[in-house]
Amino acid sequence: MITREKVNILLVDDQPAKLLSLATIVSSLDETLVTTSSADEALKYLLDHDCAVVLMDVCMPKMDGFELAEMIRQHPRFDRTAIIFISAVHLSDADRLRGYNLGAVDYIPVPIVPEVLRAKVAVFVDLFRKTRDLERVNDELQERILEVNRSNGRLRFADRMATIGTLAAGLGHDMGNLLLPVRMRLDTLEAMDLPDPARADIAAIREASSYLQRLASSLRLLALDSDAEVPSECSTRVGDWWSETESMMRNGVPRRVQLSTDIPSDLRPVRMGKAGLTQVVFNLVQNAGDALRDRSDGTIVVSARDDPGRGTVLITVFDNGPGMTEEAKARCLEPFFTTKTRGLSTGLGLTLVSALMKRVQGTICIDSEAGIGTRIVLELPAAKAADTARPDGSPMRVIASVTLKDVRLAAHVRSILDSLEYDVTTGDRNGADLWITEADGNGEIEAARRFAASGPVRRAVVLGTSPLTPGDHDRVVYLDRALKASALRAQLRDALRANGRGAGVHR
Amino acid sequence: MTDPSRPLRVLCIDDNEMVARALGRRIESEPLMKWVGVVHEGALAYDRVREELPDVVLMDIDMPGTDPFLTVERLSKDIPSARVVMFSGHVNSAFIERALDCGAWGYLSKNDDVARLLEGIRRVGDGEIVLSEEVRAVQRAGGRPG
């Protein structure tokens, strides 16, 4: 919406009386009038302000109107400023011509006819205002076009990623499906009485197929939706993950580039899912590979180490490429920023990395020096120790005893407990700290209460079919045995995590 | 629990001929397992299980025509002695959850080691619910079910 803003009209005359009369004539236009009594003063004002019209006397001491006009016209900012000369002396055709040549829009002789001057100034003020409004609309349009282009770019990128994702997932799945019969046939062959050369052949095929198997798994990881991974539930062993994805990472860099690793086997697991971790590191390794494309001595090092003080694990991707410029370093996480040829790069890789890192509350630190290389350090929170530590803090696994008649329900409960890192025994509950049992009436829940009361950390979970009076013991939990498997898993997990606080009837 | 001296009878429902034949050949060489055969169409699975009464049924997920989970649900209600285990290369939390809710005895990934697959089949026969390591990882990472 265009609103009427006042514009500036600059009046320049060394004689105060004439200045006053000019001001009086144009004052009824209701614009901002600025009066200056010399060319110098006028220039000073113009340095900081835009003007719609400059009304200037030709004849002034030191710098005259012609000189002032020439200086004004040298500056592109005043392209739109209308200059009107006023003169009582310089009235020859040559003077007028000089004025117009210097860029004046009008040349007005004294005596001035007030209505005429006012009308002329009004036309140029109007022109200035319309031009300025048009420019603003134009700027806005440009900005909108840019935004549309940006969203188109994002859409194309998302589309491309979705296509690549679908392709990678399909490929990974089909490869896996074909490799399974290959691996099973190899197993069958290996069990046979075969001569040594044949065994060597089988070993070679096994090696090749296990490489392909890893490739297939990492293709599937690359395509998995990392948003589905809940960081707090994730615990990825970096060493295991790397051996699974290494073959794909190697395929992501040019052939001549060396990829070496330094990942200790005793690292603590990280609180990030495999899919997210794969997507982040694959991006960084690919970038490093791109930086080394033209080098014959290119090296990428992927390393990891624990930072127990900060409770984190640091994963570093280093390349001895040309390094980043200060600008690239400052802007590389911005969407669409890229130093590569479009087509090779979308400029979204590091933005994606940065978003994935934020999601898991990790950080990314970029250290790069021209001529030395680039080191990108990911700091990931280490996964917390299992929730099943004893209340006294000891990491010992808790022994759980399960006595349920229904075979599948018992198996299911054991499987849940196992996933929560309990050691499960069947039958004897004497050595256990957790007892999962069943009851059909209030009488049978009494045994569970007695069990919970018999030790400081003992807890019991009762599965039943009929509503029971809530146990008055805070370490006895009642769950409905008719719950679906997934709901039972969720409720049992929540009840056990509540660690004896506020547990009651869960239905 | 099944009688340990009696071989575990395994039936496979999978439309992939190569997978099924290789699996059959491998299982045949296991002393304590017996290969009952393969059904290539999900729609024929229920009748075949009813007829053969296997101990363990390996059920592929990605088969044209039928919803394998509905078959699992029917089988677990009507023929609980035949323990159905999902057997698939597709591992995602929605499938895992659905399978267990329908009464499956586990979820084995086709990407697992062959030895681990066989061990998994054995454990199902012993009355355990088995989940491949990959399945457990997805189940953990996928957050709370339900």
# chains A, B, ... in the order shown; residues from 1 in each chain; ligands from 1
call {"tool": "closest_atom_pairs", "arguments": {"of": "chain A", "to": "chain B", "cutoff": "7 Å", "atoms": "only C-alpha atoms", "output": "JSON lines"}}
result
{"residue": "A:His173", "atom": "CA", "partner": "B:Gly89", "partner_atom": "CA", "distance": 6.1}
{"residue": "A:Gly176", "atom": "CA", "partner": "B:Asn111", "partner_atom": "CA", "distance": 6.0}
{"residue": "A:Asn177", "atom": "CA", "partner": "B:Gly89", "partner_atom": "CA", "distance": 6.8}
{"residue": "A:Leu180", "atom": "CA", "partner": "B:Lys110", "partner_atom": "CA", "distance": 6.5}
{"residue": "A:Pro181", "atom": "CA", "partner": "B:Val19", "partner_atom": "CA", "distance": 4.9}
{"residue": "A:Met184", "atom": "CA", "partner": "B:Ala22", "partner_atom": "CA", "distance": 5.9}
{"residue": "A:Arg185", "atom": "CA", "partner": "B:Ala22", "partner_atom": "CA", "distance": 5.9}
{"residue": "A:Thr188", "atom": "CA", "partner": "B:Arg26", "partner_atom": "CA", "distance": 5.6}
{"residue": "A:Ala228", "atom": "CA", "partner": "B:Gly142", "partner_atom": "CA", "distance": 5.9}
{"residue": "A:Glu229", "atom": "CA", "partner": "B:Ala141", "partner_atom": "CA", "distance": 4.9}
{"residue": "A:Val230", "atom": "CA", "partner": "B:Gly143", "partner_atom": "CA", "distance": 5.4}
{"residue": "A:Glu233", "atom": "CA", "partner": "B:Ala141", "partner_atom": "CA", "distance": 5.2}
{"residue": "A:Cys234", "atom": "CA", "partner": "B:Ala141", "partner_atom": "CA", "distance": 4.8}
{"residue": "A:Gly273", "atom": "CA", "partner": "B:Ala141", "partner_atom": "CA", "distance": 6.3}
{"residue": "A:Val407", "atom": "CA", "partner": "B:Gly127", "partner_atom": "CA", "distance": 6.9}
{"residue": "A:Ala411", "atom": "CA", "partner": "B:Glu128", "partner_atom": "CA", "distance": 5.1}
{"residue": "A:His412", "atom": "CA", "partner": "B:Ile129", "partner_atom": "CA", "distance": 6.0}
{"residue": "A:Ser415", "atom": "CA", "partner": "B:Ile129", "partner_atom": "CA", "distance": 6.1}
{"residue": "A:Lys484", "atom": "CA", "partner": "B:Asp101", "partner_atom": "CA", "distance": 5.5}
{"residue": "A:Ala485", "atom": "CA", "partner": "B:Asp101", "partner_atom": "CA", "distance": 4.8}
{"residue": "A:Ser486", "atom": "CA", "partner": "B:Pro145", "partner_atom": "CA", "distance": 5.6}
{"residue": "A:Ala487", "atom": "CA", "partner": "B:Gly146", "partner_atom": "CA", "distance": 5.5}
{"residue": "A:Ala490", "atom": "CA", "partner": "B:Arg144", "partner_atom": "CA", "distance": 6.1}
call {"tool": "select_by_dssp", "arguments": {"residues": "chain B", "states": "alpha helix (DSSP H)", "output": "number ranges by chain"}}
result
B: 17-28, 42-52, 68-78, 93-101, 114-125, 133-141
call {"tool": "atom_distance", "arguments": {"atom1": "CA of Leu32 (chain B)", "atom2": "CA of Arg6 (chain B)"}}
result
7.1 Å
call {"tool": "select_by_dssp", "arguments": {"residues": "region 81-278 of chain A", "states": "strand (DSSP E)", "output": "ChimeraX atom specification"}}
result
/A:82-87,104-109,258-262
call {"tool": "write_last_selection", "arguments": {"atoms": "C-alpha atoms", "output": "compact mmCIF listing (two decimals), in the first residue's frame"}}
result
# COMPACT_ATOMS: atom_id res chain seq x y z
CA ALA A 82 15.04 17.57 -10.44
CA ILE A 83 17.28 20.64 -10.58
CA ILE A 84 15.63 23.97 -11.35
CA PHE A 85 17.79 27.03 -11.89
CA ILE A 86 16.56 30.46 -11.00
CA SER A 87 18.37 33.50 -12.27
CA ALA A 104 18.54 20.98 -15.13
CA VAL A 105 14.89 20.26 -15.80
CA ASP A 106 13.98 23.93 -15.96
CA TYR A 107 15.51 27.37 -16.05
CA ILE A 108 13.31 30.09 -14.55
CA PRO A 109 13.95 33.78 -14.93
CA GLN A 258 42.43 -42.26 0.53
CA LEU A 259 39.83 -42.76 3.25
CA SER A 260 41.30 -43.78 6.57
CA THR A 261 39.65 -44.18 9.94
CA ASP A 262 40.51 -43.97 13.59
call {"tool": "closest_residue", "arguments": {"among": "B:Phe87, B:Phe69, B:Tyr107, B:Phe95", "to": "Leu11 (chain B)", "atoms": "only C-alpha atoms"}}
result
B:Phe87
call {"tool": "residues_around", "arguments": {"residues": "Ser368 (chain A)", "least_positions_apart": "2", "cutoff": "12 Å", "atoms": "only C-alpha atoms", "output": "number ranges by chain"}}
result
A: 288, 317-330, 332, 365-366, 370-377
call {"tool": "write_last_selection", "arguments": {"atoms": "N, CA and C atoms", "output": "PDB file, in the first residue's frame"}}
result
ATOM      1  N   ALA A 288      34.115 -33.699   1.491  1.00  0.00           N
ATOM      2  CA  ALA A 288      35.569 -33.814   1.562  1.00  0.00           C
ATOM      3  C   ALA A 288      36.086 -34.394   0.245  1.00  0.00           C
ATOM      4  N   VAL A 317      35.648 -35.312  10.640  1.00  0.00           N
ATOM      5  CA  VAL A 317      35.936 -35.641   9.241  1.00  0.00           C
ATOM      6  C   VAL A 317      36.946 -34.601   8.755  1.00  0.00           C
ATOM      7  N   PHE A 318      38.154 -35.072   8.434  1.00  0.00           N
ATOM      8  CA  PHE A 318      39.210 -34.157   7.988  1.00  0.00           C
ATOM      9  C   PHE A 318      39.570 -34.452   6.537  1.00  0.00           C
ATOM     10  N   ASP A 319      39.824 -33.395   5.771  1.00  0.00           N
ATOM     11  CA  ASP A 319      40.380 -33.613   4.434  1.00  0.00           C
ATOM     12  C   ASP A 319      41.526 -32.633   4.215  1.00  0.00           C
ATOM     13  N   ASN A 320      42.536 -33.064   3.441  1.00  0.00           N
ATOM     14  CA  ASN A 320      43.669 -32.176   3.192  1.00  0.00           C
ATOM     15  C   ASN A 320      43.477 -31.413   1.879  1.00  0.00           C
ATOM     16  N   GLY A 321      42.248 -31.008   1.630  1.00  0.00           N
ATOM     17  CA  GLY A 321      41.920 -30.244   0.422  1.00  0.00           C
ATOM     18  C   GLY A 321      42.355 -28.787   0.539  1.00  0.00           C
ATOM     19  N   PRO A 322      41.883 -27.954  -0.380  1.00  0.00           N
ATOM     20  CA  PRO A 322      42.343 -26.564  -0.419  1.00  0.00           C
ATOM     21  C   PRO A 322      41.856 -25.703   0.751  1.00  0.00           C
ATOM     22  N   GLY A 323      40.951 -26.210   1.555  1.00  0.00           N
ATOM     23  CA  GLY A 323      40.447 -25.410   2.680  1.00  0.00           C
ATOM     24  C   GLY A 323      39.378 -24.437   2.221  1.00  0.00           C
ATOM     25  N   MET A 324      38.723 -23.805   3.200  1.00  0.00           N
ATOM     26  CA  MET A 324      37.636 -22.881   2.859  1.00  0.00           C
ATOM     27  C   MET A 324      38.102 -21.446   3.037  1.00  0.00           C
ATOM     28  N   THR A 325      37.553 -20.564   2.228  1.00  0.00           N
ATOM     29  CA  THR A 325      37.832 -19.142   2.425  1.00  0.00           C
ATOM     30  C   THR A 325      37.064 -18.684   3.660  1.00  0.00           C
ATOM     31  N   GLU A 326      37.440 -17.509   4.171  1.00  0.00           N
ATOM     32  CA  GLU A 326      36.750 -16.987   5.349  1.00  0.00           C
ATOM     33  C   GLU A 326      35.252 -16.852   5.072  1.00  0.00           C
ATOM     34  N   GLU A 327      34.916 -16.403   3.863  1.00  0.00           N
ATOM     35  CA  GLU A 327      33.508 -16.209   3.511  1.00  0.00           C
ATOM     36  C   GLU A 327      32.781 -17.552   3.505  1.00  0.00           C
ATOM     37  N   ALA A 328      33.425 -18.548   2.863  1.00  0.00           N
ATOM     38  CA  ALA A 328      32.798 -19.866   2.777  1.00  0.00           C
ATOM     39  C   ALA A 328      32.594 -20.437   4.175  1.00  0.00           C
ATOM     40  N   LYS A 329      33.606 -20.225   5.042  1.00  0.00           N
ATOM     41  CA  LYS A 329      33.524 -20.762   6.398  1.00  0.00           C
ATOM     42  C   LYS A 329      32.355 -20.116   7.144  1.00  0.00           C
ATOM     43  N   ALA A 330      32.217 -18.807   6.954  1.00  0.00           N
ATOM     44  CA  ALA A 330      31.168 -18.092   7.676  1.00  0.00           C
ATOM     45  C   ALA A 330      29.783 -18.444   7.150  1.00  0.00           C
ATOM     46  N   CYS A 332      28.910 -21.304   5.146  1.00  0.00           N
ATOM     47  CA  CYS A 332      28.658 -22.634   4.587  1.00  0.00           C
ATOM     48  C   CYS A 332      27.421 -23.343   5.147  1.00  0.00           C
ATOM     49  N   CYS A 365      31.291 -28.045  14.304  1.00  0.00           N
ATOM     50  CA  CYS A 365      32.327 -27.009  14.390  1.00  0.00           C
ATOM     51  C   CYS A 365      33.224 -27.148  13.164  1.00  0.00           C
ATOM     52  N   ILE A 366      33.422 -26.040  12.464  1.00  0.00           N
ATOM     53  CA  ILE A 366      34.174 -26.093  11.214  1.00  0.00           C
ATOM     54  C   ILE A 366      35.486 -25.352  11.379  1.00  0.00           C
ATOM     55  N   ALA A 370      43.249 -22.351   4.518  1.00  0.00           N
ATOM     56  CA  ALA A 370      43.660 -22.479   3.116  1.00  0.00           C
ATOM     57  C   ALA A 370      45.016 -23.170   3.062  1.00  0.00           C
ATOM     58  N   GLY A 371      45.139 -24.159   2.195  1.00  0.00           N
ATOM     59  CA  GLY A 371      46.411 -24.847   2.011  1.00  0.00           C
ATOM     60  C   GLY A 371      46.625 -26.001   2.970  1.00  0.00           C
ATOM     61  N   ILE A 372      45.835 -26.088   4.033  1.00  0.00           N
ATOM     62  CA  ILE A 372      46.026 -27.175   5.002  1.00  0.00           C
ATOM     63  C   ILE A 372      44.869 -28.163   4.925  1.00  0.00           C
ATOM     64  N   GLY A 373      43.663 -27.659   4.930  1.00  0.00           N
ATOM     65  CA  GLY A 373      42.525 -28.563   4.808  1.00  0.00           C
ATOM     66  C   GLY A 373      41.362 -28.127   5.663  1.00  0.00           C
ATOM     67  N   THR A 374      40.379 -28.994   5.741  1.00  0.00           N
ATOM     68  CA  THR A 374      39.161 -28.686   6.480  1.00  0.00           C
ATOM     69  C   THR A 374      38.904 -29.793   7.493  1.00  0.00           C
ATOM     70  N   ARG A 375      38.573 -29.353   8.697  1.00  0.00           N
ATOM     71  CA  ARG A 375      38.260 -30.321   9.756  1.00  0.00           C
ATOM     72  C   ARG A 375      36.877 -29.986  10.274  1.00  0.00           C
ATOM     73  N   ILE A 376      35.965 -30.932  10.148  1.00  0.00           N
ATOM     74  CA  ILE A 376      34.622 -30.702  10.665  1.00  0.00           C
ATOM     75  C   ILE A 376      34.410 -31.636  11.847  1.00  0.00           C
ATOM     76  N   VAL A 377      34.101 -31.030  12.984  1.00  0.00           N
ATOM     77  CA  VAL A 377      33.948 -31.828  14.200  1.00  0.00           C
ATOM     78  C   VAL A 377      32.482 -31.834  14.616  1.00  0.00           C
TER      79      VAL A 377
END
